[in-house]
Every structure is written in structure tokens, then in C-alpha cells.
>>> print(open('run00.csv').read())   # CSV, C-alpha atoms and all ligand atoms
chain,number,residue,atom,x,y,z
A,1,MET,CA,108.4,145.0,108.8
A,2,ARG,CA,106.7,147.2,106.3
A,3,TRP,CA,105.2,146.8,103.0
A,4,PRO,CA,106.1,147.6,100.2
A,5,HIS,CA,109.3,145.7,100.0
A,6,PRO,CA,111.2,143.9,97.3
A,7,THR,CA,111.1,140.1,96.9
A,8,LEU,CA,114.2,138.2,96.0
A,9,THR,CA,114.2,134.7,94.6
A,10,THR,CA,116.9,132.0,94.8
A,11,ALA,CA,117.5,129.3,92.2
A,12,LEU,CA,115.9,126.9,94.7
A,13,GLY,CA,112.6,128.7,94.3
A,14,ALA,CA,112.2,130.4,97.6
A,15,CYS,CA,111.1,134.0,97.3
A,16,VAL,CA,112.8,135.8,100.1
A,17,VAL,CA,111.4,139.0,101.4
A,18,ALA,CA,113.8,141.8,102.3
A,19,VAL,CA,113.0,145.0,104.0
A,20,VAL,CA,114.0,148.3,102.5
A,21,SER,CA,113.7,151.8,103.8
A,22,GLY,CA,113.5,155.0,101.8
A,23,GLU,CA,111.5,155.9,98.8
A,24,GLY,CA,111.9,155.6,95.1
A,25,ARG,CA,113.2,153.0,92.7
A,26,LEU,CA,115.1,150.2,94.3
A,27,TRP,CA,117.6,149.2,91.7
A,28,ALA,CA,119.9,151.2,89.5
A,29,ALA,CA,118.4,149.8,86.2
A,30,ASP,CA,118.0,153.3,84.8
A,31,ALA,CA,121.8,153.6,84.5
A,32,LEU,CA,121.8,151.0,81.6
A,33,ALA,CA,120.8,151.5,78.0
A,34,TRP,CA,117.7,149.3,77.2
A,35,GLU,CA,115.8,148.1,74.2
A,36,ILE,CA,112.1,148.4,74.9
A,37,HIS,CA,109.3,146.1,73.7
A,38,LYS,CA,105.7,146.6,74.7
A,39,SER,CA,102.8,144.2,74.8
A,40,ASP,CA,99.2,144.5,76.2
A,41,HIS,CA,100.2,144.2,79.8
A,42,PHE,CA,104.0,144.4,79.9
A,43,ILE,CA,107.0,146.4,78.9
A,44,VAL,CA,110.2,144.4,78.5
A,45,TYR,CA,113.5,146.1,78.9
A,46,SER,CA,116.4,144.1,77.5
A,47,ARG,CA,120.0,144.3,76.4
A,48,GLU,CA,121.3,142.3,73.4
A,49,ALA,CA,118.9,139.4,74.1
A,50,PRO,CA,119.3,136.4,71.8
A,51,ASP,CA,117.0,136.3,68.7
A,52,GLY,CA,113.4,135.3,69.6
A,53,TYR,CA,114.0,135.6,73.3
A,54,ILE,CA,111.9,138.7,73.9
A,55,GLU,CA,109.0,137.3,71.8
A,56,GLY,CA,109.1,134.1,73.9
A,57,LEU,CA,109.2,136.1,77.1
A,58,ILE,CA,106.3,138.3,76.1
A,59,ALA,CA,104.2,135.3,75.1
A,60,ARG,CA,104.8,133.5,78.4
A,61,ALA,CA,104.2,136.7,80.4
A,62,GLU,CA,100.9,137.4,78.6
A,63,ALA,CA,99.8,133.8,79.0
A,64,TYR,CA,100.5,133.9,82.8
A,65,TYR,CA,98.7,137.2,83.1
A,66,ASP,CA,95.6,135.6,81.6
A,67,ASP,CA,96.0,132.4,83.6
A,68,ILE,CA,96.5,134.1,86.9
A,69,THR,CA,93.8,136.8,86.7
A,70,GLY,CA,91.4,134.0,85.5
A,71,ARG,CA,92.4,131.5,88.3
A,72,LEU,CA,92.0,134.2,91.0
A,73,GLY,CA,88.7,135.2,89.5
A,74,PHE,CA,89.7,138.9,89.2
A,75,THR,CA,88.5,139.2,85.6
A,76,ARG,CA,85.1,137.5,86.2
A,77,PHE,CA,83.3,140.6,87.3
A,78,ASP,CA,83.1,143.7,85.2
A,79,GLY,CA,84.5,146.9,86.8
A,80,PHE,CA,86.5,145.3,89.6
A,81,TRP,CA,89.7,144.6,87.7
A,82,THR,CA,91.9,147.2,86.1
A,83,TRP,CA,95.5,147.1,84.9
A,84,ASP,CA,96.1,150.7,84.1
A,85,GLN,CA,99.9,150.6,84.0
A,86,ARG,CA,101.9,147.8,82.4
A,87,ALA,CA,104.2,145.8,84.5
A,88,ARG,CA,107.9,146.1,83.6
A,89,ILE,CA,110.3,143.2,83.1
A,90,TYR,CA,114.0,143.9,83.1
A,91,LEU,CA,116.1,141.3,81.4
A,92,TYR,CA,119.8,141.7,82.1
A,93,ARG,CA,122.4,140.2,79.8
A,94,ASP,CA,123.6,137.7,82.4
A,95,ARG,CA,123.6,137.0,86.1
A,96,GLN,CA,126.7,139.1,86.7
A,97,GLU,CA,125.0,142.2,85.2
A,98,TYR,CA,121.9,141.5,87.2
A,99,GLN,CA,123.8,141.3,90.4
A,100,ASP,CA,126.1,144.3,89.7
A,101,THR,CA,123.2,146.5,88.8
A,102,THR,CA,120.7,145.5,91.4
A,103,ARG,CA,123.4,145.0,94.1
A,104,GLN,CA,121.5,142.1,95.5
A,105,PRO,CA,123.0,139.3,97.6
A,106,GLU,CA,125.1,136.6,96.0
A,107,TRP,CA,122.3,134.0,96.3
A,108,SER,CA,119.7,136.3,94.6
A,109,GLU,CA,118.7,135.1,91.1
A,110,ALA,CA,115.8,137.4,90.4
A,111,GLY,CA,113.9,140.1,92.2
A,112,SER,CA,110.8,142.1,92.0
A,113,ASP,CA,109.6,145.4,93.3
A,114,VAL,CA,105.9,144.7,93.8
A,115,ARG,CA,104.9,148.3,94.4
A,116,GLU,CA,106.7,149.5,91.2
A,117,ARG,CA,105.4,146.4,89.3
A,118,GLU,CA,108.9,145.4,88.3
A,119,ILE,CA,110.5,142.1,87.8
A,120,HIS,CA,114.3,141.8,87.3
A,121,THR,CA,115.9,138.8,85.9
A,122,TYR,CA,118.5,137.8,83.3
A,123,VAL,CA,118.8,135.8,80.1
A,124,GLY,CA,118.7,132.1,80.7
A,125,MET,CA,117.8,132.1,84.4
A,126,ALA,CA,117.0,128.6,85.5
A,127,GLU,CA,113.3,128.0,86.2
A,128,PHE,CA,112.3,131.5,85.4
A,129,TYR,CA,109.3,130.5,83.4
A,130,GLU,CA,108.2,127.6,85.6
A,131,LYS,CA,108.5,129.2,89.0
A,132,VAL,CA,109.8,132.8,89.2
A,133,LEU,CA,107.7,134.5,86.6
A,134,PRO,CA,104.3,133.1,87.9
A,135,HIS,CA,105.4,133.7,91.5
A,136,GLU,CA,106.4,137.3,91.1
A,137,LEU,CA,103.5,138.1,88.7
A,138,GLY,CA,101.2,136.5,91.3
A,139,HIS,CA,102.6,139.0,93.9
A,140,ILE,CA,102.0,141.9,91.6
A,141,ILE,CA,98.5,140.9,90.5
A,142,PHE,CA,97.3,140.1,94.1
A,143,ARG,CA,98.5,143.4,95.3
A,144,GLU,CA,97.1,145.2,92.3
A,145,PHE,CA,93.7,144.0,93.4
A,146,ILE,CA,93.9,144.5,97.1
A,147,GLY,CA,96.2,147.5,97.3
A,148,TYR,CA,99.8,148.0,97.9
A,149,GLN,CA,99.6,149.8,101.2
A,150,ARG,CA,97.9,147.1,103.3
A,151,VAL,CA,100.2,145.4,105.8
A,152,LEU,CA,99.2,141.8,105.8
A,153,PRO,CA,100.7,138.6,107.3
A,154,LEU,CA,103.4,137.1,105.1
A,155,TRP,CA,101.5,133.8,104.6
A,156,LEU,CA,98.9,135.6,102.5
A,157,ASP,CA,101.3,137.3,100.1
A,158,GLU,CA,103.7,134.3,99.8
A,159,GLY,CA,101.0,131.6,100.0
A,160,ILE,CA,99.1,133.0,97.0
A,161,ALA,CA,102.3,133.6,95.0
A,162,CYS,CA,103.6,130.0,95.7
A,163,PHE,CA,100.1,128.6,94.9
A,164,LEU,CA,100.3,130.2,91.5
A,165,GLU,CA,103.6,128.6,90.5
A,166,ASP,CA,102.9,126.1,87.8
A,167,LYS,CA,105.7,123.8,88.6
A,168,GLY,CA,106.4,124.6,92.2
A,169,ASN,CA,103.0,124.2,93.7
A,170,PRO,CA,102.5,120.4,93.3
A,171,THR,CA,105.9,119.9,95.0
A,172,ARG,CA,105.0,122.3,97.9
A,173,LEU,CA,101.6,120.5,98.3
A,174,MET,CA,103.4,117.2,98.6
A,175,SER,CA,105.7,118.7,101.2
A,176,ALA,CA,102.8,120.1,103.2
A,177,LYS,CA,101.1,116.7,103.1
A,178,ALA,CA,104.3,115.0,104.3
A,179,LEU,CA,104.8,117.6,107.1
A,180,VAL,CA,101.3,117.4,108.5
A,181,THR,CA,102.0,114.3,110.5
A,182,THR,CA,105.4,115.4,111.8
A,183,GLU,CA,106.6,117.7,114.5
A,184,ARG,CA,107.9,120.2,111.9
A,185,PHE,CA,104.3,121.0,110.9
A,186,ILE,CA,103.4,124.7,111.8
A,187,PRO,CA,99.8,125.0,112.9
A,188,PHE,CA,97.9,127.8,111.1
A,189,GLU,CA,97.6,130.0,114.2
A,190,THR,CA,101.4,130.0,114.3
A,191,LEU,CA,101.9,130.3,110.6
A,192,ALA,CA,99.8,133.4,110.5
A,193,ASP,CA,102.2,135.1,112.9
A,194,LEU,CA,105.4,134.4,111.0
A,195,GLY,CA,107.2,136.9,108.9
A,196,GLY,CA,110.4,138.8,108.4
A,197,GLU,CA,113.1,137.8,110.8
A,198,GLY,CA,111.0,135.1,112.5
A,199,LEU,CA,110.4,132.8,109.5
A,200,GLY,CA,112.2,129.8,111.0
A,201,ASP,CA,111.6,126.7,108.9
A,202,ALA,CA,111.3,128.4,105.5
A,203,GLU,CA,110.6,125.3,103.5
A,204,ALA,CA,107.7,124.3,105.8
A,205,PHE,CA,106.5,127.9,105.8
A,206,TYR,CA,106.3,128.3,102.0
A,207,ALA,CA,104.9,124.8,101.5
A,208,GLU,CA,102.2,125.2,104.1
A,209,ALA,CA,101.2,128.7,103.1
A,210,ALA,CA,100.7,127.6,99.5
A,211,SER,CA,98.7,124.6,100.7
A,212,VAL,CA,96.3,126.9,102.6
A,213,PHE,CA,95.2,128.3,99.2
A,214,GLU,CA,95.0,124.9,97.7
A,215,PHE,CA,92.7,124.0,100.5
A,216,LEU,CA,90.6,127.2,100.2
A,217,PHE,CA,90.2,126.9,96.5
A,218,GLN,CA,89.5,123.2,96.4
A,219,ARG,CA,87.0,123.2,99.3
A,220,TYR,CA,85.3,126.6,98.8
A,221,GLY,CA,85.9,127.6,95.2
A,222,GLY,CA,87.0,130.8,93.5
A,223,GLU,CA,84.0,133.1,94.3
A,224,LYS,CA,84.7,133.1,98.0
A,225,PHE,CA,88.3,134.0,97.3
A,226,VAL,CA,87.3,137.1,95.3
A,227,ASP,CA,84.9,138.0,98.1
A,228,TYR,CA,87.8,137.7,100.5
A,229,CYS,CA,90.1,139.8,98.4
A,230,ARG,CA,87.4,142.5,98.1
A,231,ARG,CA,87.2,142.7,101.8
A,232,LEU,CA,91.0,143.0,102.1
A,233,ARG,CA,90.9,145.8,99.5
A,234,ASP,CA,88.2,147.4,101.6
A,235,LYS,CA,90.6,147.4,104.6
A,236,GLN,CA,88.7,144.8,106.6
A,237,ASN,CA,90.8,142.9,109.2
A,238,TRP,CA,92.3,139.9,107.4
A,239,GLU,CA,91.3,137.4,110.2
A,240,ALA,CA,87.7,138.7,110.7
A,241,ALA,CA,87.2,138.6,106.9
A,242,LEU,CA,88.6,135.1,106.6
A,243,LYS,CA,86.2,133.8,109.3
A,244,LYS,CA,83.3,135.7,107.8
A,245,VAL,CA,83.7,134.6,104.1
A,246,TYR,CA,84.7,131.0,104.8
A,247,GLY,CA,82.5,130.5,107.9
A,248,PHE,CA,85.3,129.5,110.3
A,249,GLU,CA,84.5,130.0,113.9
A,250,SER,CA,88.1,130.5,114.8
A,251,LEU,CA,91.6,130.1,113.4
A,252,SER,CA,91.9,126.9,115.2
A,253,ALA,CA,88.7,125.6,113.6
A,254,MET,CA,90.1,126.5,110.2
A,255,ASN,CA,93.4,124.8,111.2
A,256,ALA,CA,91.5,121.6,111.9
A,257,GLN,CA,89.8,121.6,108.5
A,258,TRP,CA,93.0,122.4,106.7
A,259,VAL,CA,94.9,119.6,108.6
A,260,ALA,CA,92.2,117.1,107.6
A,261,PHE,CA,92.5,118.3,104.0
A,262,LEU,CA,96.2,117.7,104.1
A,263,LYS,CA,95.8,114.3,105.6
A,264,GLU,CA,93.6,113.1,102.8
A,265,ASP,CA,95.8,111.0,100.4
A,266,ALA,CA,98.8,111.9,102.4
A,267,PRO,CA,102.0,110.1,101.3
B,1,ZN,ZN,107.3,135.7,97.1
>>> encode(input="run00.csv", output="C-alpha cells")
Amino acid sequence: MRWPHPTLTTALGACVVAVVSGEGRLWAADALAWEIHKSDHFIVYSREAPDGYIEGLIARAEAYYDDITGRLGFTRFDGFWTWDQRARIYLYRDRQEYQDTTRQPEWSEAGSDVREREIHTYVGMAEFYEKVLPHELGHIIFREFIGYQRVLPLWLDEGIACFLEDKGNPTRLMSAKALVTTERFIPFETLADLGGEGLGDAEAFYAEAASVFEFLFQRYGGEKFVDYCRRLRDKQNWEAALKKVYGFESLSAMNAQWVAFLKEDAP
């Protein structure tokens, strides 16, 4: 599997990674005529959107931008965070137009091209604001900080994006807490190897990956996360940097602490 690749999201909220080959823009959005609206951090491309829709979209996107960069700690230190180019949101008229233009699979509800900083969706998509927008924006912001070229294990990219979903994350955390005492539970050492074709139990994978960040943020705070991201940006090995920043002797030692965290107040 290679990065960059697009992410595709289903109505059920799983962001599914697909591999692409070749260069250039992924989707044929340029073939359509768009109305363009700009805000501080976004450009919204729309087609005959209902009155007030674009204003609402821009307000939510800007609020998530502030929330996510703040939660991840990226804006806390001067000089480390830049957002030179606005992200682009393509808002198709309806699901049919989204699917016809992007030629994505039937189940795909929204997509993003992280490298191109694009999110593609359509007017009225279910759970767009609650799950899809923070998730896809989370992918873009995380990669904007650490770099787009780095190939990293999937749990890192998907875990952080799921962790940032306002509405999805509490549900995923409950799932991870329920899974931890069952045979379905994927230990961290195994989770870290999963990706692409070998995802297996996707529900467990996404819930657990998100809960790793819940664990890291709750137990160790945001500064260590920024330190970790800086090391990823500086091309350090993801595993060595994780052990160094958080003080884990090994991945299995980290697993033991994460499992103990999940077992606290488990349902
Ligand atoms: Zn994702």
C-alpha cells in the first residue's frame, strides 16, 4: 500500500482506504461548473446549493479547523504550524452527482484526497457534520503537520481521524471497552500491523485505533502528542518515537497499559 491515497466514507461512518496508482487529481470534479466561496482556511465549490447552506458549511468547517488544530496542540507553538493553501470542499448537488462524477463505489458517501486537501460530499449527506467532516479534516490536518509522503501504519492515520469525530468517538470508545474482554480484541502489536487488504474486523480496528489516542491524550496529555508528531515529521521511526516520547519499554508494555485503561469503567 502506498500513501497518498484517497479515503472513502460510508454512511455508517467507516472511512475506507482505497489504493490508487498514477498521479494527478483523482476525481473529475473539474468537468463541472462550480460556484466558489472562500473563507480563511477553505474554498467551497458548490452547485445550486440551497440558501444558507454554504454559509453553514463554512461556519462548521472553520469551527472544526479551530477545534482540531487546538485539540492536537498544533497551534500552541509559534512557527510550527502553517496552512499555506486552503483546503477545498466540493459540494455536489446530490448523491447521484457525487457518484457519477467521482466514480466511486456504490457504498461511498463521501471521499477525500488527503494529499490534494480535498473533501468531496453532497448536499444533505447524513452525518456529514457530525462524523465525516471532522474525520476527513482530521486526516488532512494531521498529514499537513507530519508530511504527506511518510508511509505510516494505518492505525495512526485512522485512529487520529476517528478520535477527532465529535459524535463517533464516544461510541467507538464504548466499543473498544466492550471488546477488551472478548476474543475479538486486537492487541496493539497486531493492530499496528494491520492495513490495506488485511484489515479484518474493521469495526474493532477503527474503535480500537481511536481508543489508543483517547488513552494517549488522557494519560499523557497533548504536549507529548505534539512532540510525537514532530518526530514523525522529522522522519523518525514511528515505533521508536512512540517508545521514546511516552516512555514505553516495548509495544507489549504499551498494550498492557492501554488494556488497563480500557478496562477502567468498562461496561
Ligand atoms: Zn479515515
>>> closest_residue(input="run00.csv", among="A:Thr102, A:Ser112, A:Thr121, A:Asn255", to="ligand ZN 1 (chain B)", atoms="only C-alpha atoms and all ligand atoms")
A:Ser112
>>> residues_near_point(input="run00.csv", point="(106.4, 151.9, 76.4)", cutoff="12 Å", atoms="all atoms listed in the file", output="JSON, numbers by chain")
{"A": [34, 35, 36, 37, 38, 39, 40, 41, 42, 43, 44, 45, 85, 86, 87, 88, 89]}
>>> closest_residue(input="run00.csv", among="A:Thr75, A:Asn237, A:Thr69, A:Ser46", to="A:Glu97", atoms="all atoms listed in the file")
A:Ser46
>>> closest_residue(input="run00.csv", among="A:Leu156, A:Ala59, A:Leu194, A:Ala28", to="ligand ZN 1 (chain B)", atoms="only C-alpha atoms and all ligand atoms")
A:Leu156
>>> closest_residue(input="run00.csv", among="A:Arg71, A:Arg231, A:Lys243, A:His120", to="A:Ile141", atoms="all atoms listed in the file")
A:Arg71
>>> residues_around(input="run00.csv", residues="A:Glu208", least_positions_apart="5", cutoff="8 Å", atoms="all atoms listed in the file", output="list in words")
Gly159, Arg172, Leu173, Ser175, Ala176 and Ile186 of chain A
>>> build_atoms(input="run00.csv", residues="stretch 171-189 of chain A", atoms="N, CA and C atoms", output="PDB file, in the coordinates of the input")
ATOM      1  N   THR A 171     104.806 120.338  94.139  1.00  0.00           N
ATOM      2  CA  THR A 171     105.900 119.900  95.000  1.00  0.00           C
ATOM      3  C   THR A 171     105.628 120.415  96.450  1.00  0.00           C
ATOM      4  N   ARG A 172     105.211 121.681  96.530  1.00  0.00           N
ATOM      5  CA  ARG A 172     105.000 122.300  97.900  1.00  0.00           C
ATOM      6  C   ARG A 172     103.786 121.551  98.532  1.00  0.00           C
ATOM      7  N   LEU A 173     102.768 121.207  97.756  1.00  0.00           N
ATOM      8  CA  LEU A 173     101.600 120.500  98.300  1.00  0.00           C
ATOM      9  C   LEU A 173     102.028 119.148  98.878  1.00  0.00           C
ATOM     10  N   MET A 174     102.882 118.455  98.133  1.00  0.00           N
ATOM     11  CA  MET A 174     103.400 117.200  98.600  1.00  0.00           C
ATOM     12  C   MET A 174     104.155 117.346  99.909  1.00  0.00           C
ATOM     13  N   SER A 175     104.970 118.404  99.971  1.00  0.00           N
ATOM     14  CA  SER A 175     105.700 118.700 101.200  1.00  0.00           C
ATOM     15  C   SER A 175     104.796 118.934 102.370  1.00  0.00           C
ATOM     16  N   ALA A 176     103.758 119.742 102.143  1.00  0.00           N
ATOM     17  CA  ALA A 176     102.800 120.100 103.200  1.00  0.00           C
ATOM     18  C   ALA A 176     102.120 118.802 103.709  1.00  0.00           C
ATOM     19  N   LYS A 177     101.754 117.917 102.780  1.00  0.00           N
ATOM     20  CA  LYS A 177     101.100 116.700 103.100  1.00  0.00           C
ATOM     21  C   LYS A 177     102.021 115.745 103.932  1.00  0.00           C
ATOM     22  N   ALA A 178     103.314 115.810 103.574  1.00  0.00           N
ATOM     23  CA  ALA A 178     104.300 115.000 104.300  1.00  0.00           C
ATOM     24  C   ALA A 178     104.557 115.582 105.696  1.00  0.00           C
ATOM     25  N   LEU A 179     104.507 116.914 105.785  1.00  0.00           N
ATOM     26  CA  LEU A 179     104.800 117.600 107.100  1.00  0.00           C
ATOM     27  C   LEU A 179     103.699 117.429 108.092  1.00  0.00           C
ATOM     28  N   VAL A 180     102.475 117.271 107.625  1.00  0.00           N
ATOM     29  CA  VAL A 180     101.300 117.400 108.500  1.00  0.00           C
ATOM     30  C   VAL A 180     101.329 116.406 109.677  1.00  0.00           C
ATOM     31  N   THR A 181     101.975 115.272 109.458  1.00  0.00           N
ATOM     32  CA  THR A 181     102.000 114.300 110.500  1.00  0.00           C
ATOM     33  C   THR A 181     103.317 114.310 111.320  1.00  0.00           C
ATOM     34  N   THR A 182     104.122 115.346 111.092  1.00  0.00           N
ATOM     35  CA  THR A 182     105.400 115.400 111.800  1.00  0.00           C
ATOM     36  C   THR A 182     105.438 116.618 112.759  1.00  0.00           C
ATOM     37  N   GLU A 183     106.463 116.643 113.575  1.00  0.00           N
ATOM     38  CA  GLU A 183     106.600 117.700 114.500  1.00  0.00           C
ATOM     39  C   GLU A 183     107.008 119.050 113.862  1.00  0.00           C
ATOM     40  N   ARG A 184     107.509 118.937 112.626  1.00  0.00           N
ATOM     41  CA  ARG A 184     107.900 120.200 111.900  1.00  0.00           C
ATOM     42  C   ARG A 184     106.675 120.985 111.487  1.00  0.00           C
ATOM     43  N   PHE A 185     105.519 120.360 111.453  1.00  0.00           N
ATOM     44  CA  PHE A 185     104.300 121.000 110.900  1.00  0.00           C
ATOM     45  C   PHE A 185     104.015 122.284 111.780  1.00  0.00           C
ATOM     46  N   ILE A 186     103.762 123.384 111.081  1.00  0.00           N
ATOM     47  CA  ILE A 186     103.400 124.700 111.800  1.00  0.00           C
ATOM     48  C   ILE A 186     101.921 124.834 111.713  1.00  0.00           C
ATOM     49  N   PRO A 187     101.239 124.821 112.859  1.00  0.00           N
ATOM     50  CA  PRO A 187      99.800 125.000 112.900  1.00  0.00           C
ATOM     51  C   PRO A 187      99.431 126.405 112.303  1.00  0.00           C
ATOM     52  N   PHE A 188      98.234 126.519 111.765  1.00  0.00           N
ATOM     53  CA  PHE A 188      97.900 127.800 111.100  1.00  0.00           C
ATOM     54  C   PHE A 188      97.974 128.983 111.994  1.00  0.00           C
ATOM     55  N   GLU A 189      97.565 128.845 113.234  1.00  0.00           N
ATOM     56  CA  GLU A 189      97.600 130.000 114.200  1.00  0.00           C
ATOM     57  C   GLU A 189      99.049 130.528 114.283  1.00  0.00           C
TER      58      GLU A 189
END
